[in-house]
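Peer 1: Got upload26.txt for you, compact mmCIF, C-alpha atoms:
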# COMPACT_ATOMS: atom_id res chain seq x y z
CA MET B 1 0.47 -24.04 -16.70
CA ALA B 2 3.33 -24.25 -14.18
CA PHE B 3 5.68 -21.32 -13.68
CA ASP B 4 9.27 -21.71 -12.56
CA LYS B 5 10.89 -19.75 -9.77
CA THR B 6 12.59 -17.39 -12.21
CA ALA B 7 9.27 -16.30 -13.74
CA LEU B 8 7.73 -15.75 -10.31
CA ASN B 9 10.73 -13.72 -9.11
CA THR B 10 10.52 -11.59 -12.26
CA TRP B 11 6.88 -10.77 -11.50
CA PHE B 12 7.68 -9.96 -7.88
CA HIS B 13 10.31 -7.51 -9.08
CA GLN B 14 8.10 -6.02 -11.79
CA PHE B 15 4.96 -5.79 -9.63
CA PRO B 16 5.86 -4.96 -6.00
CA LEU B 17 2.17 -5.16 -5.04
CA LEU B 18 2.33 -8.89 -5.76
CA LYS B 19 4.40 -9.46 -2.62
CA LYS B 20 1.60 -8.05 -0.48
CA ILE B 21 -1.00 -10.10 -2.36
CA VAL B 22 0.95 -13.33 -1.79
CA SER B 23 1.36 -12.35 1.88
CA LEU B 24 -2.47 -12.17 2.03
CA GLU B 25 -2.48 -8.46 2.86
CA PRO B 26 -5.50 -6.41 1.75
CA VAL B 27 -4.46 -4.26 -1.20
CA VAL B 28 -5.84 -1.70 -3.64
CA TRP B 29 -4.79 -1.83 -7.29
CA LEU B 30 -5.49 0.85 -9.89
CA ASN B 31 -5.64 -0.41 -13.45
CA PRO B 32 -3.06 1.17 -15.81
CA ASN B 33 -4.66 -0.48 -18.87
CA HIS B 34 -8.07 1.19 -18.49
CA LEU B 35 -9.43 2.33 -21.86
CA SER B 36 -11.45 5.44 -22.54
CA LYS B 37 -14.93 4.98 -24.01
CA SER B 38 -13.67 6.08 -27.44
CA GLU B 39 -11.13 3.22 -27.43
CA MET B 40 -13.59 0.45 -26.55
CA ASP B 41 -14.52 -0.35 -30.16
CA SER B 42 -11.68 -2.88 -30.16
CA LEU B 43 -13.47 -5.15 -27.67
CA PRO B 44 -15.13 -8.40 -28.86
CA VAL B 45 -18.60 -7.28 -27.68
CA THR B 46 -20.53 -4.10 -28.43
CA ARG B 47 -23.50 -2.01 -27.32
CA ASP B 48 -25.55 -3.69 -30.06
CA ASP B 49 -24.87 -7.04 -28.37
CA ILE B 50 -26.25 -5.68 -25.10
CA ASP B 51 -29.38 -4.42 -26.84
CA GLU B 52 -29.90 -7.83 -28.47
CA ALA B 53 -29.56 -9.50 -25.09
CA ALA B 54 -32.09 -7.08 -23.62
CA ALA B 55 -34.49 -7.94 -26.46
CA LEU B 56 -34.21 -11.65 -25.64
CA TRP B 57 -35.05 -10.93 -22.00
CA ASP B 58 -38.11 -9.03 -23.19
CA ARG B 59 -39.22 -11.88 -25.48
CA PHE B 60 -39.10 -14.33 -22.58
CA ALA B 61 -40.82 -12.03 -20.07
CA PRO B 62 -44.31 -13.56 -20.70
CA TYR B 63 -42.86 -17.04 -20.05
CA ILE B 64 -41.00 -15.95 -16.91
CA ALA B 65 -44.13 -14.28 -15.52
CA LEU B 66 -46.02 -17.57 -15.84
CA ALA B 67 -43.23 -19.93 -14.77
CA PHE B 68 -42.10 -17.86 -11.78
CA PRO B 69 -45.07 -16.18 -10.03
CA GLU B 70 -42.76 -13.95 -7.98
CA THR B 71 -42.04 -12.00 -11.19
CA ARG B 72 -45.65 -11.24 -12.09
CA GLU B 73 -45.61 -7.80 -10.48
CA THR B 74 -42.74 -6.88 -12.82
CA ASN B 75 -44.38 -8.60 -15.82
CA GLY B 76 -41.64 -11.20 -16.02
CA ILE B 77 -38.73 -8.77 -15.83
CA VAL B 78 -35.93 -10.16 -13.65
CA GLU B 79 -34.62 -7.11 -11.82
CA SER B 80 -33.64 -5.89 -8.36
CA PRO B 81 -34.25 -2.62 -6.51
CA LEU B 82 -31.73 0.18 -6.00
CA ARG B 83 -31.79 1.39 -2.39
CA LEU B 84 -30.23 4.46 -0.80
CA ILE B 85 -28.31 3.33 2.31
CA ALA B 86 -27.50 6.63 4.02
CA THR B 87 -27.47 5.11 7.52
CA MET B 88 -24.94 2.50 6.41
CA LYS B 89 -22.80 5.30 5.00
CA ASN B 90 -22.79 6.95 8.41
CA GLU B 91 -21.85 3.63 10.02
CA LEU B 92 -18.92 3.19 7.62
CA ASN B 93 -17.70 6.71 8.30
CA SER B 94 -17.92 6.11 12.04
CA ARG B 95 -16.53 2.56 12.25
CA TYR B 96 -13.70 3.06 9.78
CA VAL B 97 -12.95 6.71 10.67
CA ALA B 98 -13.58 7.77 7.07
CA GLN B 99 -15.40 10.47 5.16
CA ILE B 100 -17.64 9.25 2.37
CA ASP B 101 -19.34 12.42 1.13
CA GLY B 102 -21.17 11.16 -1.94
CA GLU B 103 -24.46 9.26 -1.82
CA LEU B 104 -24.28 5.51 -1.17
CA PHE B 105 -26.68 3.05 -2.81
CA LEU B 106 -27.07 -0.73 -2.67
CA LYS B 107 -27.98 -2.60 -5.85
CA CYS B 108 -29.96 -5.41 -4.31
CA ASP B 109 -29.23 -8.41 -6.51
CA ASN B 110 -29.56 -10.35 -3.27
CA GLU B 111 -33.29 -9.94 -3.97
CA LEU B 112 -33.27 -11.04 -7.63
CA PRO B 113 -36.11 -13.48 -8.33
CA ILE B 114 -35.62 -17.07 -9.50
CA ALA B 115 -32.13 -17.62 -8.06
CA GLY B 116 -31.71 -15.00 -5.32
CA SER B 117 -28.38 -13.76 -6.63
CA ILE B 118 -26.62 -11.89 -9.42
CA LYS B 119 -26.24 -15.23 -11.24
CA ALA B 120 -29.92 -15.02 -12.21
CA ARG B 121 -28.82 -12.43 -14.77
CA GLY B 122 -26.22 -14.51 -16.58
CA GLY B 123 -27.24 -18.06 -15.81
CA VAL B 124 -30.92 -17.67 -16.62
CA TYR B 125 -30.08 -15.66 -19.73
CA GLU B 126 -27.75 -18.29 -21.21
CA VAL B 127 -30.25 -21.11 -20.71
CA LEU B 128 -33.00 -19.00 -22.28
CA TYR B 129 -30.71 -18.21 -25.21
CA TYR B 130 -29.99 -21.90 -25.75
CA ALA B 131 -33.66 -22.85 -25.40
CA GLU B 132 -34.65 -20.23 -27.95
CA GLN B 133 -32.07 -21.47 -30.46
CA LEU B 134 -33.30 -25.05 -30.13
CA ALA B 135 -36.95 -24.02 -30.43
CA LEU B 136 -36.29 -21.83 -33.47
CA GLU B 137 -34.33 -24.57 -35.23
CA ALA B 138 -37.12 -27.08 -34.52
CA GLY B 139 -39.77 -24.69 -35.83
CA LEU B 140 -41.55 -24.58 -32.48
CA ILE B 141 -41.48 -20.80 -32.19
CA GLN B 142 -40.94 -17.60 -34.13
CA GLN B 143 -39.35 -14.56 -32.50
CA ASP B 144 -42.49 -12.45 -32.98
CA GLU B 145 -44.73 -14.96 -31.15
CA ASP B 146 -45.83 -15.03 -27.51
CA TYR B 147 -43.12 -16.87 -25.58
CA SER B 148 -45.50 -17.90 -22.83
CA VAL B 149 -45.92 -21.07 -24.94
CA PHE B 150 -42.58 -22.25 -23.51
CA CYS B 151 -44.65 -23.31 -20.49
CA HIS B 152 -46.58 -25.83 -22.61
CA GLU B 153 -45.94 -29.56 -22.37
CA LYS B 154 -44.91 -29.64 -26.04
CA PHE B 155 -41.86 -27.56 -25.17
CA THR B 156 -40.90 -29.31 -21.93
CA SER B 157 -41.15 -32.68 -23.66
CA PHE B 158 -38.96 -31.40 -26.49
CA PHE B 159 -36.26 -30.12 -24.13
CA LYS B 160 -36.10 -33.42 -22.22
CA GLN B 161 -33.91 -34.88 -24.96
CA PHE B 162 -31.18 -32.30 -24.20
CA THR B 163 -28.76 -32.08 -21.31
CA ILE B 164 -27.26 -28.96 -19.74
CA GLY B 165 -24.19 -29.04 -17.51
CA VAL B 166 -22.46 -26.40 -15.39
CA GLY B 167 -19.60 -26.28 -12.89
CA SER B 168 -20.32 -24.10 -9.86
CA THR B 169 -19.47 -23.06 -6.33
CA GLY B 170 -23.17 -22.58 -5.76
CA ASN B 171 -25.03 -19.53 -7.07
CA LEU B 172 -24.43 -20.06 -10.80
CA GLY B 173 -25.45 -23.68 -10.35
CA LEU B 174 -28.68 -22.56 -8.70
CA SER B 175 -29.59 -20.23 -11.54
CA ILE B 176 -28.78 -22.79 -14.26
CA GLY B 177 -30.38 -25.68 -12.41
CA ILE B 178 -33.62 -23.88 -11.57
CA ILE B 179 -34.33 -22.42 -15.02
CA ALA B 180 -33.10 -25.45 -16.99
CA ALA B 181 -35.19 -27.90 -14.96
CA LYS B 182 -38.23 -25.62 -15.24
CA LEU B 183 -37.93 -25.59 -19.04
CA GLY B 184 -37.65 -29.38 -19.10
CA PHE B 185 -33.93 -29.96 -19.67
CA ASN B 186 -31.95 -32.68 -17.97
CA VAL B 187 -29.50 -30.60 -15.95
CA SER B 188 -26.39 -31.60 -14.03
CA VAL B 189 -24.58 -29.22 -11.68
CA TYR B 190 -20.96 -30.11 -10.91
CA MET B 191 -20.22 -28.55 -7.53
CA SER B 192 -17.00 -27.87 -5.67
CA SER B 193 -16.35 -28.93 -2.10
CA ASP B 194 -16.92 -25.42 -0.73
CA ALA B 195 -20.48 -25.24 -2.09
CA LYS B 196 -23.08 -25.01 0.68
CA GLN B 197 -25.19 -28.09 1.45
CA TRP B 198 -28.45 -26.12 1.33
CA LYS B 199 -27.70 -25.12 -2.26
CA LYS B 200 -27.17 -28.76 -3.22
CA ASP B 201 -30.40 -29.73 -1.48
CA LEU B 202 -32.36 -26.94 -3.18
CA LEU B 203 -31.05 -27.91 -6.62
CA ARG B 204 -32.06 -31.52 -6.13
CA ALA B 205 -35.50 -30.39 -4.95
CA LYS B 206 -35.85 -28.35 -8.17
CA GLY B 207 -35.07 -31.40 -10.31
CA ALA B 208 -31.37 -30.96 -11.04
CA ALA B 209 -28.72 -33.63 -10.59
CA VAL B 210 -25.84 -32.56 -8.33
CA ILE B 211 -22.40 -34.11 -8.78
CA GLU B 212 -19.98 -33.26 -5.98
CA PHE B 213 -16.17 -32.95 -6.15
CA ALA B 214 -13.59 -32.89 -3.39
CA GLY B 215 -11.58 -30.13 -5.10
CA ASP B 216 -12.28 -26.48 -5.83
CA PHE B 217 -14.24 -24.67 -8.52
CA GLY B 218 -11.57 -25.37 -11.16
CA GLU B 219 -11.91 -29.13 -10.77
CA ALA B 220 -15.69 -28.98 -10.82
CA ILE B 221 -15.84 -26.94 -14.00
CA PHE B 222 -13.25 -29.14 -15.75
CA ALA B 223 -15.10 -32.33 -14.88
CA GLY B 224 -18.45 -30.85 -15.83
CA ARG B 225 -17.14 -29.67 -19.18
CA GLU B 226 -15.64 -33.07 -20.03
CA GLN B 227 -18.68 -35.07 -18.95
CA THR B 228 -21.14 -32.84 -20.81
CA LYS B 229 -19.09 -33.00 -24.01
CA LEU B 230 -19.54 -36.78 -24.08
CA ASN B 231 -23.27 -36.28 -24.75
CA PRO B 232 -24.08 -35.35 -28.40
CA LYS B 233 -27.05 -33.40 -27.08
CA GLY B 234 -25.18 -31.87 -24.19
CA TYR B 235 -24.61 -28.14 -23.67
CA PHE B 236 -22.12 -26.87 -21.11
CA VAL B 237 -22.49 -23.42 -19.56
CA ASP B 238 -18.83 -22.50 -19.30
CA ASP B 239 -18.27 -19.87 -16.62
CA GLU B 240 -14.62 -19.58 -17.65
CA ASN B 241 -15.34 -18.72 -21.28
CA SER B 242 -18.96 -17.75 -21.89
CA ARG B 243 -19.98 -14.86 -24.09
CA HIS B 244 -23.67 -15.46 -23.33
CA LEU B 245 -23.27 -15.32 -19.56
CA PHE B 246 -21.32 -12.09 -19.99
CA LEU B 247 -24.01 -10.46 -22.12
CA GLY B 248 -26.79 -11.59 -19.80
CA TYR B 249 -25.08 -9.69 -16.99
CA SER B 250 -24.45 -6.64 -19.16
CA VAL B 251 -28.17 -5.86 -19.50
CA ALA B 252 -28.14 -4.78 -15.84
CA ALA B 253 -26.52 -1.53 -16.98
CA LEU B 254 -29.58 -0.57 -19.03
CA ARG B 255 -31.84 -1.26 -16.06
CA LEU B 256 -29.59 0.71 -13.70
CA GLU B 257 -29.66 3.68 -16.05
CA GLU B 258 -33.45 3.77 -15.69
CA GLN B 259 -33.30 3.41 -11.91
CA LEU B 260 -30.78 6.24 -11.53
CA ALA B 261 -32.98 8.47 -13.67
CA LEU B 262 -35.94 7.74 -11.37
CA GLU B 263 -33.75 8.67 -8.39
CA LYS B 264 -32.77 11.88 -10.23
CA VAL B 265 -29.10 10.91 -9.95
CA LYS B 266 -26.85 12.66 -12.45
CA VAL B 267 -23.93 10.85 -14.02
CA ASP B 268 -21.53 13.12 -15.89
CA ARG B 269 -18.06 14.64 -15.64
CA ASP B 270 -18.96 16.59 -12.52
CA HIS B 271 -21.05 13.78 -11.00
CA PRO B 272 -18.99 10.56 -11.25
CA LEU B 273 -20.47 7.14 -10.61
CA PHE B 274 -18.45 4.54 -8.68
CA VAL B 275 -19.56 0.91 -8.69
CA TYR B 276 -18.11 -1.88 -6.51
CA LEU B 277 -18.59 -5.45 -7.68
CA PRO B 278 -17.72 -8.70 -5.87
CA CYS B 279 -15.62 -10.84 -8.18
CA GLY B 280 -15.43 -14.61 -8.54
CA VAL B 281 -14.37 -15.95 -11.90
CA GLY B 282 -15.09 -12.49 -13.32
CA GLY B 283 -18.03 -13.04 -15.64
CA SER B 284 -20.79 -11.28 -13.70
CA PRO B 285 -18.81 -8.19 -12.61
CA GLY B 286 -17.12 -8.10 -16.01
CA GLY B 287 -20.41 -8.11 -17.91
CA ILE B 288 -21.93 -5.45 -15.68
CA ALA B 289 -18.82 -3.25 -15.85
CA PHE B 290 -18.76 -3.53 -19.64
CA GLY B 291 -22.44 -2.58 -19.82
CA LEU B 292 -21.94 0.36 -17.49
CA ARG B 293 -19.03 1.66 -19.54
CA GLN B 294 -21.20 1.44 -22.67
CA VAL B 295 -24.01 3.36 -20.99
CA PHE B 296 -22.10 5.94 -18.92
CA GLY B 297 -18.78 6.07 -20.77
CA ASP B 298 -15.87 7.61 -18.91
CA HIS B 299 -18.11 8.89 -16.11
CA VAL B 300 -18.44 5.48 -14.44
CA HIS B 301 -15.59 3.90 -12.49
CA CYS B 302 -15.90 0.18 -11.75
CA PHE B 303 -13.91 -1.62 -9.07
CA PHE B 304 -13.83 -5.38 -8.48
CA VAL B 305 -13.33 -6.91 -5.03
CA GLU B 306 -11.89 -10.30 -4.08
CA PRO B 307 -10.98 -12.07 -0.81
CA THR B 308 -7.30 -11.99 0.15
CA HIS B 309 -7.23 -15.79 -0.16
CA SER B 310 -8.78 -15.89 -3.66
CA PRO B 311 -7.30 -13.00 -5.70
CA ALA B 312 -7.51 -14.84 -9.02
CA VAL B 313 -8.65 -11.99 -11.24
CA LEU B 314 -6.37 -9.47 -9.53
CA ILE B 315 -3.25 -11.60 -10.05
CA GLY B 316 -4.27 -12.32 -13.64
CA LEU B 317 -4.77 -8.65 -14.48
CA LEU B 318 -1.76 -7.38 -12.52
CA THR B 319 0.66 -9.76 -14.24
CA GLY B 320 -1.11 -9.62 -17.60
CA GLU B 321 -1.33 -13.42 -17.64
CA LYS B 322 -5.07 -13.44 -16.90
CA GLU B 323 -6.42 -17.03 -16.98
CA LYS B 324 -2.94 -18.50 -17.54
CA VAL B 325 -2.18 -18.16 -13.83
CA CYS B 326 -4.05 -19.38 -10.77
CA VAL B 327 -3.73 -18.50 -7.11
CA GLN B 328 -2.17 -21.87 -6.33
CA ASP B 329 0.79 -20.90 -8.55
CA PHE B 330 1.57 -18.37 -5.82
CA CYS B 331 0.92 -20.78 -2.90
CA ILE B 332 -2.38 -19.07 -2.04
CA ASP B 333 -4.92 -21.57 -0.68
CA ASN B 334 -8.14 -20.23 -2.31
CA ILE B 335 -10.08 -20.81 0.92
CA THR B 336 -12.65 -18.15 1.80
CA GLU B 337 -16.01 -17.77 3.52
CA GLY B 338 -17.09 -15.65 0.55
CA ASP B 339 -19.26 -18.23 -1.17
CA GLY B 340 -18.95 -17.74 -4.91
CA LEU B 341 -15.64 -15.88 -4.62
CA ALA B 342 -13.54 -19.01 -3.97
CA VAL B 343 -12.14 -19.09 -7.49
CA GLY B 344 -8.54 -19.94 -8.32
CA ARG B 345 -8.48 -18.93 -11.99
CA SER B 346 -10.20 -16.11 -13.87
CA SER B 347 -12.51 -16.30 -16.88
CA SER B 348 -10.52 -16.04 -20.09
CA PHE B 349 -13.33 -14.26 -21.95
CA ALA B 350 -14.30 -11.83 -19.19
CA SER B 351 -10.78 -10.96 -18.02
CA SER B 352 -9.66 -10.04 -21.53
CA ILE B 353 -12.39 -7.38 -21.52
CA SER B 354 -12.24 -6.33 -17.88
CA GLU B 355 -8.55 -5.50 -18.13
CA LYS B 356 -9.65 -2.67 -20.43
CA THR B 357 -12.87 -1.55 -18.74
CA ILE B 358 -12.38 -1.52 -14.96
CA SER B 359 -10.70 1.20 -12.92
CA GLY B 360 -9.19 -1.08 -10.31
CA MET B 361 -9.59 -3.79 -7.69
CA TYR B 362 -9.16 -4.33 -4.00
CA THR B 363 -8.99 -7.30 -1.65
CA LEU B 364 -10.29 -7.75 1.88
CA GLU B 365 -10.08 -10.31 4.66
CA ASP B 366 -12.95 -12.67 5.42
CA ASP B 367 -13.59 -11.12 8.83
CA GLU B 368 -14.51 -7.86 7.10
CA LEU B 369 -17.27 -9.66 5.16
CA PHE B 370 -19.04 -10.62 8.38
CA LYS B 371 -18.57 -7.24 10.05
CA LEU B 372 -19.95 -5.45 7.01
CA LEU B 373 -23.01 -7.70 6.65
CA ALA B 374 -23.81 -7.22 10.34
CA LEU B 375 -23.51 -3.44 10.00
CA LEU B 376 -25.77 -3.51 6.96
CA ALA B 377 -28.37 -5.61 8.77
CA ASP B 378 -28.41 -3.30 11.81
CA SER B 379 -28.30 -0.01 9.91
CA GLU B 380 -30.62 -0.76 7.00
CA GLY B 381 -32.43 -3.98 7.86
CA ILE B 382 -30.94 -5.64 4.75
CA GLN B 383 -29.44 -9.11 5.03
CA VAL B 384 -26.95 -10.44 2.51
CA GLU B 385 -24.56 -13.38 2.33
CA PRO B 386 -20.87 -12.70 3.19
CA SER B 387 -19.54 -12.26 -0.36
CA ALA B 388 -22.33 -9.79 -1.16
CA ALA B 389 -21.09 -7.44 1.57
CA SER B 390 -17.57 -7.16 0.13
CA GLY B 391 -18.33 -4.09 -1.99
CA LEU B 392 -19.23 -2.01 1.07
CA LEU B 393 -15.56 -1.18 1.68
CA GLY B 394 -15.28 0.13 -1.87
CA PRO B 395 -15.84 3.85 -1.22
CA LEU B 396 -13.31 3.80 1.63
CA ASN B 397 -10.67 2.05 -0.46
CA MET B 398 -11.21 4.34 -3.42
CA ILE B 399 -10.94 7.47 -1.29
CA SER B 400 -7.71 6.15 0.26
CA THR B 401 -5.95 6.21 -3.13
CA ASP B 402 -4.90 9.06 -5.44
CA TYR B 403 -7.59 8.05 -7.94
CA LEU B 404 -9.78 11.11 -7.39
CA ASN B 405 -6.91 13.57 -7.79
CA GLU B 406 -5.46 11.77 -10.78
CA HIS B 407 -8.81 11.97 -12.57
CA GLN B 408 -9.71 15.42 -11.20
CA LEU B 409 -12.93 14.15 -9.61
CA LYS B 410 -14.85 15.49 -6.63
CA GLU B 411 -16.06 12.76 -4.31
CA LYS B 412 -18.67 15.01 -2.70
CA ASN B 413 -20.56 14.99 -6.04
CA ALA B 414 -20.14 11.25 -6.52
CA THR B 415 -22.64 8.42 -6.38
CA HIS B 416 -21.39 5.11 -4.99
CA ILE B 417 -23.18 1.86 -5.78
CA VAL B 418 -22.35 -1.34 -3.94
CA TRP B 419 -23.54 -4.42 -5.83
CA ALA B 420 -25.06 -6.90 -3.34
CA THR B 421 -24.76 -10.19 -5.17
CA GLY B 422 -26.76 -12.72 -3.16
CA GLY B 423 -28.54 -13.76 -0.02
CA SER B 424 -32.33 -14.02 -0.26
CA LEU B 425 -32.35 -17.82 -0.60
CA VAL B 426 -29.93 -18.39 2.30
CA PRO B 427 -31.67 -20.39 5.08
CA ARG B 428 -32.58 -18.31 8.13
CA GLU B 429 -30.35 -20.31 10.47
CA ASP B 430 -27.33 -19.75 8.20
CA MET B 431 -28.03 -16.03 7.93
CA ASP B 432 -28.34 -15.80 11.70
CA LEU B 433 -24.92 -17.43 12.08
CA PHE B 434 -23.39 -14.94 9.62
CA TYR B 435 -24.86 -12.06 11.60
CA GLU B 436 -23.79 -13.41 14.99
CA LYS B 437 -20.23 -13.86 13.75
CA GLY B 438 -20.23 -10.31 12.41
CA ILE B 439 -21.47 -8.86 15.71
CA GLU B 440 -18.84 -10.86 17.61
CA LEU B 441 -16.08 -9.49 15.38
CA LEU B 442 -17.38 -5.94 15.67
CA ASN B 443 -17.51 -6.14 19.46
CA LYS B 444 -14.02 -7.58 19.56
CA ASN B 445 -12.70 -4.51 17.74
CA LEU B 446 -14.35 -1.96 20.04
Re-express the file's structure as C-alpha cells.
Peer 2:
Amino acid sequence: MAFDKTALNTWFHQFPLLKKIVSLEPVVWLNPNHLSKSEMDSLPVTRDDIDEAAALWDRFAPYIALAFPETRETNGIVESPLRLIATMKNELNSRYVAQIDGELFLKCDNELPIAGSIKARGGVYEVLYYAEQLALEAGLIQQDEDYSVFCHEKFTSFFKQFTIGVGSTGNLGLSIGIIAAKLGFNVSVYMSSDAKQWKKDLLRAKGAAVIEFAGDFGEAIFAGREQTKLNPKGYFVDDENSRHLFLGYSVAALRLEEQLALEKVKVDRDHPLFVYLPCGVGGSPGGIAFGLRQVFGDHVHCFFVEPTHSPAVLIGLLTGEKEKVCVQDFCIDNITEGDGLAVGRSSSFASSISEKTISGMYTLEDDELFKLLALLADSEGIQVEPSAASGLLGPLNMISTDYLNEHQLKEKNATHIVWATGGSLVPREDMDLFYEKGIELLNKNL
C-alpha cells in the first residue's frame, strides 16, 4: 500500500518520535496500548494453545532424540540454557556509564540444537505440526503412540510426495530446511539477497533447495508463497501470518519458568522481570512475549529491539498501521548487519498481538551490535551473531526512561533477561570477523 505525502505528514505530526526514527536515530518507545493480564482474553490465542503446543513438542521428543543426536542428553527436548552474565553487567555499567542493579541473564538460544537459533522453536514446531497432521490423516500414527517411528523409511517415503516452502533471510530457512529434509519432505527455501552464503551452502548440504532473490525478505516471502501455492501438495510456512510459528515460540515461556525456578529467581510485583527480544518480522519475539505474559502476567515486561535501518515493527505499532506500512514507505533502506532483522514489513498475525502484550521497543545502530558481541565474548566467553547481541542494551534503555517510576517498580529487585537469538552455526572465520570489528569499534571509542 502506498501512502501519500498528506498521510505521512499527519503521522509525523501525531507521532513526533517518527521523525527521529526516519532520521535513523536510536529511539526508545513505550507502548500505550499494553494490556493487563486480565484483559488478554480478547487475543486470538490462549494459554490452552500454548499447552497444546508444548504437548506436541513432547510427543515428538522421541523422534527428535533419534534424528538429532545432539538432543539425546535432553531426551529430545529442544531447549537452551539460561546463564547469569554478571561480568557482562559490570562491563555495560562501565562502558556505558550506567547503573544496572538487577541481575542480568542471557537466554542462550544461540545454542539451540538443530538450527542454532531461536528459529528452531517456531520453524521446527510448524513442520512437526504439519507432519503430524499428514500422518494422522493417513492413518500412519496415533497421538498416543511412540513418535520415534517418524524416523522409519515408511514415513520419509510418505512425506516425499509433499513440498514445503518458506521465505527467509536465513535462520528461519535453516530451521525449516533442516527439519523438513530430515523428515523426508521436498523443501524449498526462498532467500533474500542479504542472506549469508554459508547458510545457503548449509541448507543445500542438508538436502534443501535454495532459491535466491535480488530483493529483500519481502520479495523472497512473496515469491515463495506464490510458487508453493502452485503445488497441490505444497505447504508454505508463512512468517508474515503464521499461528503455528507463533505458538511454537510461545512454549519457551513454560521452559523459562522452570529455569527461573531452578535459579531461585522470584517474579512478582516486587521482583519484576524484564525481557529484551531482537525483532525481525515479529513472530519469534511476539510468540515468546505472549507466552511470558500468560505465565508471569503483569510482572513481566517485554521489550523488542530493531536496527535503526529496519524498524518495521516499531513503525507499524507506533502508527497503528502494523503490516500495512513498510520501512520503504518512509525512505528507510532496510539495510543492516543484523542478519534476520533486515525486515521491511511486520507479521500481520504477530503484530496484532504484540501491540497488546509488549511494554515497548528500542532501536540501535549496527555498530552497537558488534561492540556488544565483542564485550560479551571477552567478559563471558559467549559468542553470538550480531543481531543476537542487540538485546544487551535493553536494561540501559529501560532505565533511561520513566518506565520504572510510572509502574512503581524497583530496578534493584529486577531480573533482566537478554534473549540471544543465534550464533552457534556461524562459521569460525565469520565469527572472528564480527569480533574483530567489535574490538576495533570499542577501541575507537576509548
Peer 1: Between atom CA of Leu172 of chain B and atom CA of Ile141 of chain B, what is the distance in Å, rounded to a tenth?
Peer 2: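 That distance, rounded to one decimal, is 27.4 Å.
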Peer 1: So that I can see what lies close to Ser148 of chain B, please list as an MDAnalysis selection string the residues with an atom at most 9 Å from it, counting all atoms listed in the file and leaving out residues fewer than 6 positions away in the same chain.
Peer 2: chainID B and resid 60:67
Peer 1: Next, dump the selected residues to file, keeping only C-alpha atoms, as a CSV table (one decimal), keeping the file's coordinate frame.
Peer 2:
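again_20.csv, freshly written:
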chain,number,residue,atom,x,y,z
B,60,PHE,CA,-39.1,-14.3,-22.6
B,61,ALA,CA,-40.8,-12.0,-20.1
B,62,PRO,CA,-44.3,-13.6,-20.7
B,63,TYR,CA,-42.9,-17.0,-20.0
B,64,ILE,CA,-41.0,-16.0,-16.9
B,65,ALA,CA,-44.1,-14.3,-15.5
B,66,LEU,CA,-46.0,-17.6,-15.8
B,67,ALA,CA,-43.2,-19.9,-14.8
Peer 1: Give the answer as one residue: which of B:Leu260, B:Ala223, B:Cys279, B:Ala253 has the shortest atom-to-atom distance to Gln294 of chain B, using only C-alpha atoms?
Peer 2: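 Of the candidates, the smallest distance to Gln294 of chain B is held by B:Ala253.
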Peer 1: Could you tell me which of B:Val426, B:Leu106, B:Cys302, B:Leu314 comes closest to Leu17 of chain B if we count all atoms listed in the file?
Peer 2: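 The answer is B:Leu314, which sits nearest to Leu17 of chain B.
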Peer 1: When distances are computed from only C-alpha atoms, which of B:Tyr235, B:Tyr403, B:Tyr249, B:Phe217 shows the smallest separation from Cys326 of chain B?
Peer 2: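 The shortest atom-to-atom distance to Cys326 of chain B comes from B:Phe217.
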Peer 1: I'd like the contact shell of Glu440 of chain B - 12 Å cut-off, all atoms listed in the file, skipping same-chain residues fewer than 2 positions apart - returned as a ChimeraX atom specification.
Peer 2: /B:367-368,370-372,374-375,433-438,442-446
Peer 1: Could you name the residues that touch Gly320 of chain B at 10 Å or less, counting all atoms listed in the file, but leaving out those on the same chain fewer than 5 positions away, as a PyMOL selection string?
Peer 2: chain B and resi 33+314-315+325+351-352+355
Peer 1: Leaving out Glu132 of chain B and any residue of its chain fewer than 2 positions from it, which residues lie within 12 Å of it when counting only C-alpha atoms, given as a list of chain:residue names?
Peer 2: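 Listing them by chain and then by number gives B:Leu56, B:Trp57, B:Arg59, B:Phe60, B:Tyr63, B:Tyr125, B:Glu126, B:Val127, B:Leu128, B:Tyr129, B:Tyr130, B:Leu134, B:Ala135, B:Leu136, B:Glu137, B:Ala138, B:Gly139, B:Leu140, B:Ile141, B:Gln142, B:Gln143, B:Glu145, B:Tyr147, B:Val149, B:Phe150, B:Phe155, B:Phe159, B:Leu183.
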Peer 1: Mind dumping the selected residues with C-alpha atoms as an mmCIF file, in the coordinates of the input?
Peer 2:
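Output contents, as saved in selection-v3.cif:
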data_model
loop_
_atom_site.group_PDB
_atom_site.id
_atom_site.type_symbol
_atom_site.label_atom_id
_atom_site.label_comp_id
_atom_site.auth_asym_id
_atom_site.auth_seq_id
_atom_site.Cartn_x
_atom_site.Cartn_y
_atom_site.Cartn_z
ATOM 1 C CA LEU B 56 -34.210 -11.650 -25.640
ATOM 2 C CA TRP B 57 -35.050 -10.930 -22.000
ATOM 3 C CA ARG B 59 -39.220 -11.880 -25.480
ATOM 4 C CA PHE B 60 -39.100 -14.330 -22.580
ATOM 5 C CA TYR B 63 -42.860 -17.040 -20.050
ATOM 6 C CA TYR B 125 -30.080 -15.660 -19.730
ATOM 7 C CA GLU B 126 -27.750 -18.290 -21.210
ATOM 8 C CA VAL B 127 -30.250 -21.110 -20.710
ATOM 9 C CA LEU B 128 -33.000 -19.000 -22.280
ATOM 10 C CA TYR B 129 -30.710 -18.210 -25.210
ATOM 11 C CA TYR B 130 -29.990 -21.900 -25.750
ATOM 12 C CA LEU B 134 -33.300 -25.050 -30.130
ATOM 13 C CA ALA B 135 -36.950 -24.020 -30.430
ATOM 14 C CA LEU B 136 -36.290 -21.830 -33.470
ATOM 15 C CA GLU B 137 -34.330 -24.570 -35.230
ATOM 16 C CA ALA B 138 -37.120 -27.080 -34.520
ATOM 17 C CA GLY B 139 -39.770 -24.690 -35.830
ATOM 18 C CA LEU B 140 -41.550 -24.580 -32.480
ATOM 19 C CA ILE B 141 -41.480 -20.800 -32.190
ATOM 20 C CA GLN B 142 -40.940 -17.600 -34.130
ATOM 21 C CA GLN B 143 -39.350 -14.560 -32.500
ATOM 22 C CA GLU B 145 -44.730 -14.960 -31.150
ATOM 23 C CA TYR B 147 -43.120 -16.870 -25.580
ATOM 24 C CA VAL B 149 -45.920 -21.070 -24.940
ATOM 25 C CA PHE B 150 -42.580 -22.250 -23.510
ATOM 26 C CA PHE B 155 -41.860 -27.560 -25.170
ATOM 27 C CA PHE B 159 -36.260 -30.120 -24.130
ATOM 28 C CA LEU B 183 -37.930 -25.590 -19.040
#
